4 protein chains.
Amino acid sequence: MASSPSPPRLRDADKSQLTILTAALDEFSQFGFAGARVDRIAEQAGVNKRLIYYYFGNKDDLFLAVLERTYADIRAAEQALHLDAMDPVEAVRQLVSFTWHYYLEHPEFITLLNSENLHQAVHLKQSARIQEMNSPLVQLLADVLDRGRQQGLFRDGVDPIQLYISIASICYFYLSNNATLSAIFGRDLKAPKALAQRLSHMTEMVLGYVLR
Amino acid sequence: MASSPSPPRLRDADKSQLTILTAALDEFSQFGFAGARVDRIAEQAGVNKRLIYYYFGNKDDLFLAVLERTYADIRAAEQALHLDAMDPVEAVRQLVSFTWHYYLEHPEFITLLNSENLHQAVHLKQSARIQEMNSPLVQLLADVLDRGRQQGLFRDGVDPIQLYISIASICYFYLSNNATLSAIFGRDLKAPKALAQRLSHMTEMVLGYVLR
Amino acid sequence: MASSPSPPRLRDADKSQLTILTAALDEFSQFGFAGARVDRIAEQAGVNKRLIYYYFGNKDDLFLAVLERTYADIRAAEQALHLDAMDPVEAVRQLVSFTWHYYLEHPEFITLLNSENLHQAVHLKQSARIQEMNSPLVQLLADVLDRGRQQGLFRDGVDPIQLYISIASICYFYLSNNATLSAIFGRDLKAPKALAQRLSHMTEMVLGYVLR
Amino acid sequence: MASSPSPPRLRDADKSQLTILTAALDEFSQFGFAGARVDRIAEQAGVNKRLIYYYFGNKDDLFLAVLERTYADIRAAEQALHLDAMDPVEAVRQLVSFTWHYYLEHPEFITLLNSENLHQAVHLKQSARIQEMNSPLVQLLADVLDRGRQQGLFRDGVDPIQLYISIASICYFYLSNNATLSAIFGRDLKAPKALAQRLSHMTEMVLGYVLR
DNA sequence: CATGAATGAGGTTTCATTCAT
DNA sequence: GATGAATGAAACCTCATTCAT
């Protein structure tokens with residue numbers, strides 16, 4: 001039996017890269033691109049600052065790497081959602097619920113996207129990888145809407161892209177702007193009860209719209 | 001009468017403050033709080049940097065001043081919208097349209113809010129002024145919903161706060177995340193036609209929900 | 001008698017700039033552009049490092065400022081040399097002597113030029129000021145050569161630019177490459193006697209060439 | 001015979017060393033000692049950076065190795081020049097021409113020497129090898145001058161070392177300072193015509209000096 | 001013989017802020 | 001009310017070099 005061809009220590013490189021990426025994700029999502037500090041990322045990752053540049057080139061490229069991973073994560077989660085196996089009404093319900101819970105459990109997704117949008121998507125535009133990662137949900141939603149219409153349940157003329165964006169909107173905005181909304185309305189909009197009410201409202205609204 | 005009671009000098013001070021505030025609004029909305037540069041604000045305002053500190057204390061306080069003005073502006077615009085004079089369906093239609101166009105024409109409102117939310121609304125929380133400036137639209141919307149229900153047009157059980165947030169959501173998110181959405185979908189979602197389609201979809205969706 | 005319109009303290013700015021420039025001249029001439037350290041310049045000038053960027057923008061621009069000053073200095077020294085008032089032979093002798101002594105007493109001129117040439121004159125090319133500062137000596141030398149020829153002393157067909165460059169060459173190279181030459185020849189070519197012999201040889205060579 | 005006494009592996013080592021040396025020569029001559037980057041040398045040589053340290057110790061020693069090779073190269077070229085077989089006038093002409101063309105075709109020689117002189121020949125001083133490599137041309141030039149004098153062609157009292165340095169000067173300076181000279185005179189002094197004129201002038205000047 | 005991973009020190013530059021008038 | 005001069009701290013990034021295999 002020969003010794004394994006790839007020495008076991010070699011994986012430290014991957015590990016270091018992953019540690020850096022995780023720390024960077026944390027930092028960027030907490031402070032945005034401009035507010036993030038490479039020093040803090042290095043410290044939190046427990047690696048030398050120089051190593052970050054060794055692996056990722058510079059702050060911008062590191063941000064892009066984080067962004068790509070974030071998108072890969074949500075796309076993977078979306079893959080696990082099998083809308084095609086559900087009846088139309090249930091599928092819409094599940095889509096709203098999934099979107100809501102994903103954003104709720106991944107606040108970093110929201111802050112990263114906000115930061116990227118502030119900078120007019122400069123990083124994302126130069127990423128070939130992300131542009132290939134179109135969400136499968138748009139197509140799945142189109143199918144669901146078709147089925148619902150054929151069953152005489154859903155209304156005509158609903159644009160799946162618009163609806164997809166609207167569903168994302170109502171989930172995303174409530175969470176991304178939670179701090180200012182809470183301050184203005186003078187209540188804690190992240191209290192468990194408030195969250196439950198929100199999900200209930202959103203589901204009702206979307207179904208109220210698509211159902212005949 | 002020779003000399004006016006309020007000396008013209010005072011005007012200059014007001015003017016300087018206003019110039020600074022306008023420049024700061026521009027800078028903060030372009031780069032976010034962390035990315036904004038006091039130097040650039042001074043340069044664009046055409047005043048000495050020191051003057052900014054003289055009038056506004058520091059960068060944080062300046063940001064708060066900008067935020068307060070921004071909220072004051074939108075509240076003023078909202079005041080001009082007389083939903084109570086319209087029939088319920090038209091009122092809902094107008095509310096969506098107003099929200100949409102206000103965000104569209106005031107992109108700085110969006111970026112400022114995003115920046116503030118990234119920092120958990122630290123500035124806003126310490127502002128008594130803003131917290132008093134509750135939007136009048138929530139109450140007006142509540143009235144509209146009541147009227148619509150009484151006329152047998154609208155469904156029961158629609159929470160005006162939730163609906164208000166949802167209307168804001170669908171307008172805001174489409175614009176705030178326009179850059180990443182455009183990149184991912186591979187189209188220009190700010191093209192005039194796309195904007196018109198969006199407004200049409202949103203109106204349909206909200207009405208589709210509230211109407212019986 | 002009114003008080004002077006320009007407050008006396010204002011000149012501190014000029015003084016700081018000059019101190020920085022002098023320190024930079026020293027540093028760049030000692031270590032070349034790449035080897036020079038902004039930190040050391042600040043330290044030697046006794047000013048905050050930030051001030052260097054406040055006044056000069058960046059390292060490249062600072063280098064250019066030094067270069068411009070250096071050229072201004074030598075041009076000023078050249079102005080003081082009145083070749084037109086001398087007989088042709090004496091004028092040539094003086095030109096060689098002046099060039100030699102200027103380089104000898106301004107070693108920084110040599111190292112700065114070497115550094116700039118290493119980088120293909122990138123700084124100099126973007127300087128409008130320097131390109132206007134053509135050396136007056138070329139024209140003066142042309143006149144001297146003309147007069148010498150008319151007096152039947154000098155040979156025909158001597159190109160003043162070529163001769164000017166050659167005179168500069170024999171003075172400059174001996175000094176700029178003194179260290180390696182000394183090492184190779186195993187003698188101290190900067191010893192007073194060696195310097196005197198060099199000047200004597202150069203004068204002889206140039207005169208030997210131009211004289212009929 | 002199966003295996004050669006000198007194993008082929010050794011060849012690889014030599015080859016690696018040579019590749020590194022060539023890449024280093026290129027880098028140092030382009031950027032000077034301080035501006036040169038060990039990373040770039042490794043990249044251009046196509047070898048691991050560690051290998052450079054394995055073979056050459058450190059950046060300074062690598063520079064010295066480059067310098068030694070450069071001197072060895074020019075000495076070898078000088079060896080091929082047989083001034084003793086020519087008549088004196090032709091010999092002087094050839095010496096100027098050789099020097100000129102060698103510098104012209106080996107710009108790296110110039111930049112390396114400039115870099116070394118900037119640092120007061122620190123590397124060269126500690127190299128026993130280079131100091132032994134005295135140029136054979138000085139002695140050959142002395143012989144030529146003697147022969148010319150004996151034939152009644154050349155003047156008395158010409159110091160061969162001084163003349164050797166002067167010939168080097170007029171060739172070297174024109175090329176080493178070409179960038180700044182071109183910038184100041186506003187012409188391209190490296191254009192083919194300009195180069196031909198320069199050689200012609202130099203030959204004329206040296207001969208004009210040594211001939212009676 | 002050769003290499004990918006890793007680093008401490010230090011490089012240029014930028015930042016919000018204050019000093020002195 | 002207004003300003004040019006000045007700064008300490010810290011930002012991003014780079015460098016020659018070494019570690020561990």
# chains A, B, ... in the order shown; residues from 1 in each chain; ligands from 1
call {"tool": "interface_residues", "arguments": {"of": "chain B", "to": "chain E", "cutoff": "12 Å", "atoms": "only C-alpha atoms (C1' of nucleotides)", "output": "PyMOL selection string"}}
result
chain B and resi 34-40+49-54+57-60
call {"tool": "closest_atom_pairs", "arguments": {"of": "chain F", "to": "chain C", "cutoff": "10 Å", "atoms": "only C-alpha atoms (C1' of nucleotides)", "output": "tab-separated table"}}
result
residue	atom	partner	partner_atom	distance
F:DG4	C1'	C:Leu10	CA	8.4
F:DA5	C1'	C:Ala13	CA	6.9
F:DA6	C1'	C:Leu51	CA	6.8
F:DT7	C1'	C:Asn48	CA	6.5
F:DG8	C1'	C:Asn48	CA	9.2
call {"tool": "residues_around", "arguments": {"residues": "His82 (chain A)", "least_positions_apart": "2", "cutoff": "12 Å", "atoms": "only C-alpha atoms (C1' of nucleotides)", "output": "list in words"}}
result
Ala77, Glu78, Gln79, Ala80, Asp84, Ala85, Met86, Asp87, Pro88, Glu90, Ala91, Val92, Gln94, Leu95, Phe98, Pro136, Leu137, Leu140, Leu141, Asp143 and Val144 of chain A
call {"tool": "write_last_selection", "arguments": {"atoms": "N, CA and C atoms", "output": "PDB file, in the first residue's frame"}}
result
ATOM      1  N   ALA A  77     -29.309  26.619  -1.085  1.00  0.00           N
ATOM      2  CA  ALA A  77     -30.504  26.480  -0.269  1.00  0.00           C
ATOM      3  C   ALA A  77     -31.753  26.430  -1.145  1.00  0.00           C
ATOM      4  N   GLU A  78     -31.745  27.263  -2.188  1.00  0.00           N
ATOM      5  CA  GLU A  78     -32.899  27.305  -3.084  1.00  0.00           C
ATOM      6  C   GLU A  78     -33.090  25.970  -3.817  1.00  0.00           C
ATOM      7  N   GLN A  79     -31.960  25.346  -4.117  1.00  0.00           N
ATOM      8  CA  GLN A  79     -32.021  24.058  -4.808  1.00  0.00           C
ATOM      9  C   GLN A  79     -32.804  23.034  -3.983  1.00  0.00           C
ATOM     10  N   ALA A  80     -32.671  23.153  -2.670  1.00  0.00           N
ATOM     11  CA  ALA A  80     -33.281  22.163  -1.788  1.00  0.00           C
ATOM     12  C   ALA A  80     -34.790  22.338  -1.679  1.00  0.00           C
ATOM     13  N   ASP A  84     -41.790  22.237  -7.304  1.00  0.00           N
ATOM     14  CA  ASP A  84     -42.490  21.481  -8.343  1.00  0.00           C
ATOM     15  C   ASP A  84     -43.261  20.282  -7.789  1.00  0.00           C
ATOM     16  N   ALA A  85     -42.910  19.897  -6.570  1.00  0.00           N
ATOM     17  CA  ALA A  85     -43.590  18.740  -5.993  1.00  0.00           C
ATOM     18  C   ALA A  85     -44.839  19.140  -5.197  1.00  0.00           C
ATOM     19  N   MET A  86     -45.096  20.459  -5.134  1.00  0.00           N
ATOM     20  CA  MET A  86     -46.225  20.903  -4.293  1.00  0.00           C
ATOM     21  C   MET A  86     -47.373  21.424  -5.154  1.00  0.00           C
ATOM     22  N   ASP A  87     -48.566  21.458  -4.526  1.00  0.00           N
ATOM     23  CA  ASP A  87     -49.666  22.088  -5.256  1.00  0.00           C
ATOM     24  C   ASP A  87     -49.441  23.601  -5.242  1.00  0.00           C
ATOM     25  N   PRO A  88     -49.972  24.343  -6.218  1.00  0.00           N
ATOM     26  CA  PRO A  88     -49.637  25.740  -6.424  1.00  0.00           C
ATOM     27  C   PRO A  88     -49.751  26.627  -5.189  1.00  0.00           C
ATOM     28  N   GLU A  90     -49.725  25.860  -2.030  1.00  0.00           N
ATOM     29  CA  GLU A  90     -48.706  25.493  -1.055  1.00  0.00           C
ATOM     30  C   GLU A  90     -47.327  25.971  -1.518  1.00  0.00           C
ATOM     31  N   ALA A  91     -47.096  25.877  -2.829  1.00  0.00           N
ATOM     32  CA  ALA A  91     -45.803  26.292  -3.366  1.00  0.00           C
ATOM     33  C   ALA A  91     -45.558  27.780  -3.101  1.00  0.00           C
ATOM     34  N   VAL A  92     -46.554  28.604  -3.337  1.00  0.00           N
ATOM     35  CA  VAL A  92     -46.406  30.047  -3.090  1.00  0.00           C
ATOM     36  C   VAL A  92     -46.157  30.290  -1.609  1.00  0.00           C
ATOM     37  N   GLN A  94     -44.856  28.301   0.515  1.00  0.00           N
ATOM     38  CA  GLN A  94     -43.502  27.846   0.854  1.00  0.00           C
ATOM     39  C   GLN A  94     -42.431  28.819   0.355  1.00  0.00           C
ATOM     40  N   LEU A  95     -42.678  29.379  -0.797  1.00  0.00           N
ATOM     41  CA  LEU A  95     -41.689  30.308  -1.340  1.00  0.00           C
ATOM     42  C   LEU A  95     -41.546  31.539  -0.454  1.00  0.00           C
ATOM     43  N   PHE A  98     -39.845  30.379   2.770  1.00  0.00           N
ATOM     44  CA  PHE A  98     -38.419  30.117   2.594  1.00  0.00           C
ATOM     45  C   PHE A  98     -37.633  31.412   2.503  1.00  0.00           C
ATOM     46  N   PRO A 136     -32.748  29.619  -9.609  1.00  0.00           N
ATOM     47  CA  PRO A 136     -33.676  28.667 -10.229  1.00  0.00           C
ATOM     48  C   PRO A 136     -35.117  28.978  -9.851  1.00  0.00           C
ATOM     49  N   LEU A 137     -35.275  29.794  -8.825  1.00  0.00           N
ATOM     50  CA  LEU A 137     -36.631  30.022  -8.317  1.00  0.00           C
ATOM     51  C   LEU A 137     -37.522  30.747  -9.306  1.00  0.00           C
ATOM     52  N   LEU A 140     -38.964  28.188 -11.481  1.00  0.00           N
ATOM     53  CA  LEU A 140     -39.875  27.349 -10.707  1.00  0.00           C
ATOM     54  C   LEU A 140     -41.177  28.094 -10.406  1.00  0.00           C
ATOM     55  N   LEU A 141     -41.048  29.374 -10.073  1.00  0.00           N
ATOM     56  CA  LEU A 141     -42.227  30.183  -9.780  1.00  0.00           C
ATOM     57  C   LEU A 141     -43.093  30.316 -11.029  1.00  0.00           C
ATOM     58  N   ASP A 143     -43.433  28.166 -13.345  1.00  0.00           N
ATOM     59  CA  ASP A 143     -44.154  26.903 -13.485  1.00  0.00           C
ATOM     60  C   ASP A 143     -45.328  26.828 -12.514  1.00  0.00           C
ATOM     61  N   VAL A 144     -45.075  27.227 -11.307  1.00  0.00           N
ATOM     62  CA  VAL A 144     -46.131  27.210 -10.298  1.00  0.00           C
ATOM     63  C   VAL A 144     -47.306  28.086 -10.726  1.00  0.00           C
TER      64      VAL A 144
END
call {"tool": "atom_distance", "arguments": {"atom1": "CA of Leu207 (chain B)", "atom2": "CA of Asp156 (chain A)"}}
result
14.8 Å
call {"tool": "interface_residues", "arguments": {"of": "chain B", "to": "chain A", "cutoff": "7 Å", "atoms": "only C-alpha atoms", "output": "PyMOL selection string"}}
result
chain B and resi 31+34-35+111+114+117-118+120-121+125+131+134+162+166+169-170+173+176-177+179-180+183-184+201+205+208-209
call {"tool": "write_last_selection", "arguments": {"atoms": "N, CA, C and O atoms", "output": "tab-separated table (two decimals), in the first residue's frame"}}
result
chain	number	residue	atom	x	y	z
B	31	PHE	N	-21.56	57.58	-0.90
B	31	PHE	CA	-20.54	56.66	-0.39
B	31	PHE	C	-20.89	55.98	0.92
B	31	PHE	O	-20.10	55.19	1.43
B	34	ALA	N	-19.41	55.41	6.25
B	34	ALA	CA	-17.98	55.09	6.36
B	34	ALA	C	-17.20	55.55	5.14
B	34	ALA	O	-16.07	55.98	5.25
B	35	GLY	N	-17.81	55.47	3.98
B	35	GLY	CA	-17.09	55.83	2.76
B	35	GLY	C	-17.05	57.32	2.50
B	35	GLY	O	-16.23	57.79	1.70
B	111	THR	N	-30.05	55.37	0.02
B	111	THR	CA	-28.70	55.05	0.47
B	111	THR	C	-28.45	55.52	1.90
B	111	THR	O	-27.76	54.84	2.66
B	114	ASN	N	-30.10	52.99	4.14
B	114	ASN	CA	-29.32	51.76	4.17
B	114	ASN	C	-28.09	51.90	5.06
B	114	ASN	O	-27.78	51.01	5.85
B	117	ASN	N	-29.14	51.90	8.63
B	117	ASN	CA	-29.53	50.57	9.09
B	117	ASN	C	-28.33	49.65	9.30
B	117	ASN	O	-28.32	48.80	10.19
B	118	LEU	N	-27.31	49.84	8.45
B	118	LEU	CA	-26.09	49.05	8.63
B	118	LEU	C	-25.53	49.27	10.03
B	118	LEU	O	-25.02	48.35	10.66
B	120	GLN	N	-27.22	49.99	12.65
B	120	GLN	CA	-28.29	49.75	13.63
B	120	GLN	C	-28.96	51.03	14.10
B	120	GLN	O	-29.33	51.16	15.27
B	121	ALA	N	-29.08	51.98	13.22
B	121	ALA	CA	-29.81	53.22	13.52
B	121	ALA	C	-29.26	53.99	14.70
B	121	ALA	O	-30.01	54.66	15.42
B	125	LYS	N	-31.54	56.80	16.62
B	125	LYS	CA	-32.03	56.52	17.98
B	125	LYS	C	-31.82	57.69	18.93
B	125	LYS	O	-32.56	57.86	19.89
B	131	GLN	N	-37.89	60.90	15.83
B	131	GLN	CA	-38.85	59.96	16.40
B	131	GLN	C	-40.24	60.57	16.56
B	131	GLN	O	-41.23	59.88	16.60
B	134	ASN	N	-43.49	60.89	13.06
B	134	ASN	CA	-44.13	59.71	12.55
B	134	ASN	C	-44.81	60.03	11.23
B	134	ASN	O	-45.37	61.10	11.05
B	162	GLN	N	-48.63	47.04	8.47
B	162	GLN	CA	-48.04	46.00	7.63
B	162	GLN	C	-48.16	46.39	6.16
B	162	GLN	O	-47.20	46.23	5.39
B	166	SER	N	-45.27	47.11	3.49
B	166	SER	CA	-45.16	46.31	2.27
B	166	SER	C	-45.11	47.18	1.02
B	166	SER	O	-44.38	46.89	0.07
B	169	SER	N	-41.78	48.52	0.88
B	169	SER	CA	-40.86	47.45	0.51
B	169	SER	C	-40.73	47.28	-0.99
B	169	SER	O	-39.62	47.29	-1.55
B	170	ILE	N	-41.89	47.09	-1.65
B	170	ILE	CA	-41.83	46.75	-3.06
B	170	ILE	C	-41.28	47.89	-3.90
B	170	ILE	O	-40.67	47.66	-4.94
B	173	PHE	N	-37.08	48.28	-2.39
B	173	PHE	CA	-36.14	47.20	-2.71
B	173	PHE	C	-35.77	47.16	-4.18
B	173	PHE	O	-34.61	46.97	-4.53
B	176	SER	N	-33.35	50.11	-4.43
B	176	SER	CA	-32.13	50.01	-3.63
B	176	SER	C	-31.24	48.87	-4.12
B	176	SER	O	-30.02	48.96	-4.08
B	177	ASN	N	-31.85	47.79	-4.57
B	177	ASN	CA	-31.08	46.63	-5.02
B	177	ASN	C	-31.04	46.55	-6.54
B	177	ASN	O	-30.76	45.50	-7.10
B	179	ALA	N	-28.94	47.62	-8.72
B	179	ALA	CA	-27.65	47.29	-9.33
B	179	ALA	C	-27.40	45.79	-9.33
B	179	ALA	O	-27.05	45.20	-10.36
B	180	THR	N	-27.59	45.15	-8.17
B	180	THR	CA	-27.34	43.70	-8.13
B	180	THR	C	-28.41	42.94	-8.91
B	180	THR	O	-28.09	41.97	-9.61
B	183	ALA	N	-27.56	43.16	-12.50
B	183	ALA	CA	-26.39	42.33	-12.81
B	183	ALA	C	-26.79	40.87	-12.91
B	183	ALA	O	-26.38	40.15	-13.82
B	184	ILE	N	-27.62	40.43	-11.99
B	184	ILE	CA	-27.98	39.02	-11.95
B	184	ILE	C	-28.94	38.65	-13.07
B	184	ILE	O	-28.80	37.64	-13.73
B	201	HIS	N	-47.10	46.62	-12.06
B	201	HIS	CA	-47.18	45.38	-11.26
B	201	HIS	C	-47.49	45.67	-9.81
B	201	HIS	O	-48.33	45.00	-9.18
B	205	MET	N	-50.67	44.47	-7.70
B	205	MET	CA	-50.48	43.56	-6.57
B	205	MET	C	-51.17	44.08	-5.32
B	205	MET	O	-51.88	43.33	-4.63
B	208	GLY	N	-54.86	44.07	-5.90
B	208	GLY	CA	-55.28	42.66	-5.94
B	208	GLY	C	-55.40	42.08	-4.55
B	208	GLY	O	-56.26	41.22	-4.27
B	209	TYR	N	-54.58	42.59	-3.67
B	209	TYR	CA	-54.63	42.09	-2.28
B	209	TYR	C	-55.77	42.71	-1.49
B	209	TYR	O	-56.56	42.00	-0.85
call {"tool": "select_by_dssp", "arguments": {"residues": "region 40-167 of chain B", "states": "helix (DSSP H, G or I)", "output": "PyMOL selection string"}}
result
chain B and resi 40-45+49-56+59-79+83-85+88-105+107-118+122-125+128-132+136-150+160-167
call {"tool": "atom_distance", "arguments": {"atom1": "CA of Phe56 (chain A)", "atom2": "CA of Glu27 (chain A)"}}
result
15.4 Å
